[in-house]
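As structure tokens, the structure follows; a few thoughts come after it.
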Amino acid sequence: MRAEKIRESGIAGTWYPDDPALLKKDLSRYLDRARTPDLDGELIGLVVPHAGYIYSGGVAAWSYKLLLKNRFDRVLILAPSHRTSFGGASVYNLGGYRTPLGVVPLDHELIDDLYKNAGIIGYNPQADTGEHSLEIQLPFLQTVLGAFTLTPVIMGAQGSDFCLKLANAIAAACSSRRVLIVASSDLSHHYPYEKATLLDGVCLDRLNCFDPEGLAREVENHRTQACGAGPLIAMMLAARRLGADQCRVLKYANSGDVTGDRTGVVGYAAAAIYRSAKDAEAQGR
């Protein structure tokens, strides 16, 4: 039995309410308003934004509401580093994450398997300090899934070559397990409303086409932006290795739709990545 060092919340009370009752009320309201389709296939991954709940919670709920009908016991979150620059990916392995809704335990078995890829995956103590992009997902997951184990992956490197290496490591570790892979990403930042919707539209198109290589090219050529492009690309690549063949954008909005200020907005998207039922039947699943 290893000793646990719980990772305390760094954003409760600012990015989302620190009062459990108020937090549950807000999450219920977002989920009640979301409308999500029945997927014709097996869910493998989700795209969710990572801004404060008052801005992006309504969009995130469109992805998370799918988990009321698609149960998972294990979740791997890919999130970008905002505060610390480092190579590779950092996976916190010391203990669970605390939110106002309780402690989310770590998936030590899966984390240990990922650590076998020592050249690209390790633990950087600074990566998780004050980082919001991963923690912001946890209260939603606690609400829709209840109990689950977490593999928290924070990406320092986000280039396409590294995304492929990380995706291969994740797919190999998840191949014998049923794991939901979540990509935490906002889209363009601080452009006027019309310009933002054009930039974000390119990203949404590549998502709908389930084209991670195309998304990588569009980002590298500055035709679109995502604060979490690495997690998006790595998640799609890993999901494809795990059998996914479809992606559906569920909802798009930006901060201007919430605040009314369209001078400089941040884009948010919700999407589901899945193995279509026809593909599963063709493979005898």
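Simple scheme: letters A, B, ... for chains in structure tokens order, numbers from 1 for residues in each chain, numbers from 1 for ligands in the order shown.
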Exercise for review: Tell me which protein, DNA and RNA residues are within 10 Å of A:Leu166, counting only C-alpha atoms, leaving out same-chain ones fewer than 4 positions away, and put them as an MDAnalysis selection string.
Suggested key: chainID A and resid 88:89 114 117 120:121 155 157:158 160:162 170:172 230:231 234:235 237:238
Check your understanding: stretch 185-187 of chain A: which residues within 10 Å, counting only C-alpha atoms, same-chain residues fewer than 3 positions away excluded, as a VMD selection string?
Key -> chain A and resid 47 to 51 56 78 to 80 133 to 134 182 196 to 197 199 to 201 203 to 204 224 to 232 252 to 254 265 to 270
Point to revise | Distance criterion (only C-alpha atoms): nearest to A:Ala127 out of A:Ala61, A:Leu141, A:Val153, A:Leu31 | key: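 The closest residue to A:Ala127 is A:Val153.
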Check your understanding: Near A:Tyr97, within 7 Å and counting only C-alpha atoms, which residues show up once chain neighbours fewer than 5 positions away are dropped, as a count of residues only?
Key -> 6
Exercise for review: Between atom CA of A:Ser81 and atom CA of A:Tyr191, measure the distance and give it in Å to one decimal.
Suggested key: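 Spanning atom CA of A:Ser81 to atom CA of A:Tyr191 is a straight-line distance of 21.5 Å.
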Practice item. Give the alpha helix (DSSP H) residues of stretch 123-184 of chain A, as DSSP finds them on the backbone, and put them as a PyMOL selection string. Key: chain A and resi 138-145+160-174
Please save N, CA, C and O atoms of the selected residues as a JSON list (two decimals), in the first residue's frame.
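This is the output file result.json:
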```json
[["chain", "number", "residue", "atom", "x", "y", "z"],
["A", 138, "LEU", "N", -12.91, 17.75, -13.28],
["A", 138, "LEU", "CA", -13.22, 16.72, -12.29],
["A", 138, "LEU", "C", -14.62, 16.83, -11.68],
["A", 138, "LEU", "O", -15.30, 15.80, -11.55],
["A", 139, "PRO", "N", -15.11, 18.00, -11.28],
["A", 139, "PRO", "CA", -16.47, 18.03, -10.72],
["A", 139, "PRO", "C", -17.53, 17.54, -11.70],
["A", 139, "PRO", "O", -18.49, 16.87, -11.28],
["A", 140, "PHE", "N", -17.39, 17.85, -12.99],
["A", 140, "PHE", "CA", -18.32, 17.31, -13.97],
["A", 140, "PHE", "C", -18.27, 15.78, -13.97],
["A", 140, "PHE", "O", -19.30, 15.11, -13.95],
["A", 141, "LEU", "N", -17.06, 15.22, -14.00],
["A", 141, "LEU", "CA", -16.91, 13.77, -14.02],
["A", 141, "LEU", "C", -17.44, 13.14, -12.74],
["A", 141, "LEU", "O", -18.08, 12.07, -12.78],
["A", 142, "GLN", "N", -17.19, 13.76, -11.60],
["A", 142, "GLN", "CA", -17.72, 13.24, -10.34],
["A", 142, "GLN", "C", -19.24, 13.22, -10.36],
["A", 142, "GLN", "O", -19.87, 12.31, -9.79],
["A", 143, "THR", "N", -19.85, 14.19, -11.01],
["A", 143, "THR", "CA", -21.30, 14.30, -11.04],
["A", 143, "THR", "C", -21.92, 13.25, -11.95],
["A", 143, "THR", "O", -22.92, 12.60, -11.58],
["A", 144, "VAL", "N", -21.35, 13.04, -13.13],
["A", 144, "VAL", "CA", -21.99, 12.13, -14.09],
["A", 144, "VAL", "C", -21.56, 10.68, -13.93],
["A", 144, "VAL", "O", -22.31, 9.77, -14.29],
["A", 145, "LEU", "N", -20.36, 10.46, -13.39],
["A", 145, "LEU", "CA", -19.88, 9.08, -13.25],
["A", 145, "LEU", "C", -19.94, 8.56, -11.82],
["A", 145, "LEU", "O", -19.98, 7.36, -11.60],
["A", 160, "SER", "N", 3.42, 17.90, -33.20],
["A", 160, "SER", "CA", 2.74, 16.74, -33.79],
["A", 160, "SER", "C", 3.53, 15.45, -33.60],
["A", 160, "SER", "O", 2.94, 14.38, -33.38],
["A", 161, "ASP", "N", 4.87, 15.52, -33.66],
["A", 161, "ASP", "CA", 5.67, 14.31, -33.45],
["A", 161, "ASP", "C", 5.48, 13.77, -32.03],
["A", 161, "ASP", "O", 5.32, 12.55, -31.84],
["A", 162, "PHE", "N", 5.50, 14.67, -31.05],
["A", 162, "PHE", "CA", 5.30, 14.22, -29.68],
["A", 162, "PHE", "C", 3.88, 13.70, -29.47],
["A", 162, "PHE", "O", 3.68, 12.71, -28.76],
["A", 163, "CYS", "N", 2.90, 14.36, -30.07],
["A", 163, "CYS", "CA", 1.51, 13.90, -29.94],
["A", 163, "CYS", "C", 1.37, 12.46, -30.40],
["A", 163, "CYS", "O", 0.66, 11.67, -29.77],
["A", 164, "LEU", "N", 2.06, 12.11, -31.49],
["A", 164, "LEU", "CA", 1.98, 10.74, -31.99],
["A", 164, "LEU", "C", 2.63, 9.76, -31.02],
["A", 164, "LEU", "O", 2.08, 8.68, -30.74],
["A", 165, "LYS", "N", 3.79, 10.12, -30.49],
["A", 165, "LYS", "CA", 4.45, 9.25, -29.52],
["A", 165, "LYS", "C", 3.59, 9.04, -28.28],
["A", 165, "LYS", "O", 3.46, 7.92, -27.78],
["A", 166, "LEU", "N", 3.02, 10.13, -27.78],
["A", 166, "LEU", "CA", 2.18, 10.03, -26.59],
["A", 166, "LEU", "C", 0.92, 9.22, -26.88],
["A", 166, "LEU", "O", 0.51, 8.38, -26.06],
["A", 167, "ALA", "N", 0.32, 9.45, -28.04],
["A", 167, "ALA", "CA", -0.88, 8.70, -28.41],
["A", 167, "ALA", "C", -0.60, 7.21, -28.48],
["A", 167, "ALA", "O", -1.41, 6.39, -28.03],
["A", 168, "ASN", "N", 0.55, 6.84, -29.04],
["A", 168, "ASN", "CA", 0.90, 5.42, -29.12],
["A", 168, "ASN", "C", 1.06, 4.81, -27.73],
["A", 168, "ASN", "O", 0.63, 3.67, -27.48],
["A", 169, "ALA", "N", 1.68, 5.57, -26.82],
["A", 169, "ALA", "CA", 1.86, 5.07, -25.45],
["A", 169, "ALA", "C", 0.51, 4.91, -24.75],
["A", 169, "ALA", "O", 0.28, 3.92, -24.05],
["A", 170, "ILE", "N", -0.38, 5.87, -24.94],
["A", 170, "ILE", "CA", -1.69, 5.80, -24.31],
["A", 170, "ILE", "C", -2.50, 4.65, -24.88],
["A", 170, "ILE", "O", -3.13, 3.88, -24.14],
["A", 171, "ALA", "N", -2.49, 4.50, -26.20],
["A", 171, "ALA", "CA", -3.25, 3.42, -26.82],
["A", 171, "ALA", "C", -2.76, 2.05, -26.36],
["A", 171, "ALA", "O", -3.55, 1.14, -26.10],
["A", 172, "ALA", "N", -1.44, 1.91, -26.26],
["A", 172, "ALA", "CA", -0.89, 0.63, -25.81],
["A", 172, "ALA", "C", -1.31, 0.34, -24.38],
["A", 172, "ALA", "O", -1.68, -0.80, -24.03],
["A", 173, "ALA", "N", -1.29, 1.34, -23.51],
["A", 173, "ALA", "CA", -1.66, 1.15, -22.11],
["A", 173, "ALA", "C", -3.16, 0.89, -21.94],
["A", 173, "ALA", "O", -3.57, 0.19, -21.01],
["A", 174, "CYS", "N", -3.96, 1.45, -22.84],
["A", 174, "CYS", "CA", -5.42, 1.34, -22.71],
["A", 174, "CYS", "C", -6.01, 0.18, -23.52],
["A", 174, "CYS", "O", -7.21, -0.08, -23.43]]
```
Exercise for review: Identify, on the basis of only C-alpha atoms, every residue whose closest approach to stretch 176-179 of chain A does not exceed 8 Å; exclude the query and any residue fewer than 6 positions from it along the same chain; express the result as a list in words.
Suggested key: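 Counting only C-alpha atoms, the residues come to Ile44, Phe72, Asp73, Arg74, Val75 and Leu76 of chain A.
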Practice item. DSSP on the backbone, then: every residue of stretch 26-189 of chain A marked strand (DSSP E), written as JSON, numbers by chain. Key: {"A": [41, 42, 43, 44, 45, 46, 47, 48, 74, 75, 76, 77, 78, 79, 80, 89, 90, 91, 97, 98, 99, 102, 103, 104, 121, 122, 149, 150, 151, 152, 153, 154, 155, 180, 181, 182, 183, 184, 189]}
File dump, residues just selected, N, CA, C and O atoms, as a compact mmCIF listing (two decimals), in the first residue's frame:
```txt
# COMPACT_ATOMS: atom_id res chain seq x y z
N GLY A 41 -22.75 4.00 -31.76
CA GLY A 41 -21.46 3.35 -31.62
C GLY A 41 -20.96 3.39 -30.20
O GLY A 41 -21.71 3.69 -29.26
N GLU A 42 -19.67 3.11 -30.04
CA GLU A 42 -19.04 3.00 -28.72
C GLU A 42 -18.19 4.23 -28.43
O GLU A 42 -17.23 4.51 -29.15
N LEU A 43 -18.52 4.95 -27.38
CA LEU A 43 -17.80 6.16 -27.01
C LEU A 43 -16.39 5.81 -26.55
O LEU A 43 -16.17 4.89 -25.76
N ILE A 44 -15.40 6.59 -27.05
CA ILE A 44 -14.00 6.37 -26.68
C ILE A 44 -13.37 7.64 -26.12
O ILE A 44 -12.58 7.59 -25.18
N GLY A 45 -13.74 8.80 -26.65
CA GLY A 45 -13.13 10.04 -26.18
C GLY A 45 -14.08 11.22 -26.21
O GLY A 45 -15.11 11.19 -26.89
N LEU A 46 -13.73 12.26 -25.46
CA LEU A 46 -14.51 13.49 -25.41
C LEU A 46 -13.58 14.69 -25.58
O LEU A 46 -12.43 14.66 -25.13
N VAL A 47 -14.11 15.74 -26.18
CA VAL A 47 -13.47 17.06 -26.20
C VAL A 47 -14.28 17.97 -25.30
O VAL A 47 -15.52 18.02 -25.41
N VAL A 48 -13.59 18.67 -24.39
CA VAL A 48 -14.26 19.58 -23.46
C VAL A 48 -13.42 20.84 -23.28
O VAL A 48 -12.19 20.78 -23.33
N ARG A 74 -12.84 4.26 -15.53
CA ARG A 74 -11.49 4.81 -15.66
C ARG A 74 -11.52 5.96 -16.65
O ARG A 74 -12.11 5.85 -17.74
N VAL A 75 -10.84 7.06 -16.29
CA VAL A 75 -10.78 8.24 -17.15
C VAL A 75 -9.34 8.72 -17.23
O VAL A 75 -8.67 8.87 -16.19
N LEU A 76 -8.87 8.96 -18.44
CA LEU A 76 -7.57 9.58 -18.67
C LEU A 76 -7.81 10.95 -19.26
O LEU A 76 -8.50 11.09 -20.28
N ILE A 77 -7.28 11.99 -18.61
CA ILE A 77 -7.46 13.36 -19.09
C ILE A 77 -6.14 13.87 -19.65
O ILE A 77 -5.10 13.80 -18.99
N LEU A 78 -6.19 14.38 -20.88
CA LEU A 78 -5.07 15.06 -21.51
C LEU A 78 -5.33 16.56 -21.43
O LEU A 78 -6.35 17.05 -21.94
N ALA A 79 -4.41 17.29 -20.81
CA ALA A 79 -4.60 18.72 -20.60
C ALA A 79 -3.31 19.47 -20.88
O ALA A 79 -2.22 18.93 -20.64
N PRO A 80 -3.39 20.70 -21.38
CA PRO A 80 -2.17 21.46 -21.67
C PRO A 80 -1.65 22.18 -20.42
O PRO A 80 -2.42 22.54 -19.53
N ALA A 89 5.39 14.82 -21.22
CA ALA A 89 4.13 14.89 -20.49
C ALA A 89 4.37 14.53 -19.04
O ALA A 89 5.20 13.67 -18.73
N SER A 90 3.66 15.19 -18.14
CA SER A 90 3.78 14.94 -16.71
C SER A 90 2.51 14.27 -16.20
O SER A 90 1.40 14.72 -16.49
N VAL A 91 2.70 13.21 -15.44
CA VAL A 91 1.57 12.49 -14.85
C VAL A 91 1.74 12.48 -13.33
O VAL A 91 2.70 11.90 -12.80
N TYR A 97 -7.01 13.61 -6.45
CA TYR A 97 -7.31 15.04 -6.60
C TYR A 97 -8.54 15.37 -5.76
O TYR A 97 -9.59 14.74 -5.92
N ARG A 98 -8.42 16.40 -4.93
CA ARG A 98 -9.57 16.80 -4.12
C ARG A 98 -10.31 17.96 -4.78
O ARG A 98 -9.70 18.93 -5.24
N THR A 99 -11.63 17.83 -4.84
CA THR A 99 -12.52 18.92 -5.22
C THR A 99 -13.55 19.07 -4.10
O THR A 99 -13.59 18.24 -3.17
N GLY A 102 -15.32 15.84 -3.20
CA GLY A 102 -14.60 14.68 -2.68
C GLY A 102 -13.29 14.45 -3.40
O GLY A 102 -12.86 15.26 -4.22
N VAL A 103 -12.65 13.33 -3.09
CA VAL A 103 -11.34 13.00 -3.66
C VAL A 103 -11.52 12.02 -4.82
O VAL A 103 -12.18 10.98 -4.67
N VAL A 104 -10.92 12.34 -5.96
CA VAL A 104 -10.88 11.43 -7.10
C VAL A 104 -9.60 10.61 -7.00
O VAL A 104 -8.50 11.16 -7.07
N ILE A 121 7.23 10.35 -20.83
CA ILE A 121 6.27 10.51 -19.73
C ILE A 121 7.00 10.39 -18.40
O ILE A 121 7.75 9.44 -18.18
N GLY A 122 6.76 11.34 -17.52
CA GLY A 122 7.34 11.31 -16.18
C GLY A 122 6.51 12.15 -15.24
O GLY A 122 5.30 12.31 -15.45
N THR A 149 -11.57 6.12 -11.42
CA THR A 149 -10.16 6.37 -11.17
C THR A 149 -9.60 7.23 -12.29
O THR A 149 -10.02 7.13 -13.45
N LEU A 150 -8.61 8.06 -11.94
CA LEU A 150 -8.12 9.10 -12.83
C LEU A 150 -6.66 8.87 -13.23
O LEU A 150 -5.83 8.53 -12.37
N THR A 151 -6.37 9.10 -14.50
CA THR A 151 -4.99 9.20 -14.99
C THR A 151 -4.81 10.62 -15.51
O THR A 151 -5.36 10.97 -16.57
N PRO A 152 -4.10 11.48 -14.78
CA PRO A 152 -3.98 12.90 -15.15
C PRO A 152 -2.71 13.18 -15.95
O PRO A 152 -1.60 13.07 -15.43
N VAL A 153 -2.86 13.52 -17.21
CA VAL A 153 -1.72 13.74 -18.10
C VAL A 153 -1.68 15.21 -18.52
O VAL A 153 -2.59 15.68 -19.21
N ILE A 154 -0.66 15.92 -18.09
CA ILE A 154 -0.48 17.31 -18.48
C ILE A 154 0.65 17.39 -19.50
O ILE A 154 1.76 16.93 -19.25
N MET A 155 0.34 17.96 -20.66
CA MET A 155 1.28 18.00 -21.77
C MET A 155 2.07 19.30 -21.76
O MET A 155 1.49 20.39 -21.81
N LEU A 180 -12.01 6.02 -20.76
CA LEU A 180 -12.47 7.22 -21.45
C LEU A 180 -11.29 8.19 -21.54
O LEU A 180 -10.66 8.50 -20.52
N ILE A 181 -11.00 8.68 -22.73
CA ILE A 181 -9.92 9.65 -22.93
C ILE A 181 -10.54 11.02 -23.16
O ILE A 181 -11.32 11.20 -24.10
N VAL A 182 -10.20 11.97 -22.32
CA VAL A 182 -10.77 13.31 -22.37
C VAL A 182 -9.68 14.29 -22.80
O VAL A 182 -8.60 14.32 -22.20
N ALA A 183 -9.96 15.09 -23.83
CA ALA A 183 -9.05 16.15 -24.27
C ALA A 183 -9.58 17.48 -23.77
O ALA A 183 -10.69 17.89 -24.14
N SER A 184 -8.80 18.15 -22.94
CA SER A 184 -9.18 19.44 -22.38
C SER A 184 -8.60 20.54 -23.24
O SER A 184 -7.38 20.70 -23.31
N HIS A 189 -8.24 32.46 -28.92
CA HIS A 189 -8.25 33.38 -27.78
C HIS A 189 -8.14 34.84 -28.22
O HIS A 189 -7.23 35.20 -28.98
```
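You will find atom CA of A:Ala271 at 5.0 Å from atom CA of A:Leu250.
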Practice item. Enter the distance from atom CA of A:Ile233 to atom CA of A:Asp38, in Å, rounded to one decimal. Key: 24.2 Å
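Considering only C-alpha atoms, the residue among A:Asn208, A:Thr129, A:Ser175, A:Asn124 positioned nearest to A:Gly10 is A:Thr129.
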Practice item. Can you work out which one of A:Asp112, A:Asp257, A:Glu135, A:Glu220 has the shortest atom-to-atom distance to A:Ile11, counting only C-alpha atoms? Key: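 Looking at the shortest contact to A:Ile11, the residue is A:Glu135.
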Practice item. Please identify all polymer residues within 12 Å of A:Pro17, counting only C-alpha atoms, omitting same-chain residues fewer than 5 positions from it, and present them as a ChimeraX atom specification. Key: /A:9-12,22-27,52-54,99-101,136,139
Exercise for review: Can you work out which one of A:Asp107, A:Asp18, A:Glu194, A:Asp245 has the shortest atom-to-atom distance to A:Leu207, counting only C-alpha atoms?
Suggested key: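 Once distances to A:Leu207 are computed over only C-alpha atoms, the minimum belongs to A:Asp245.
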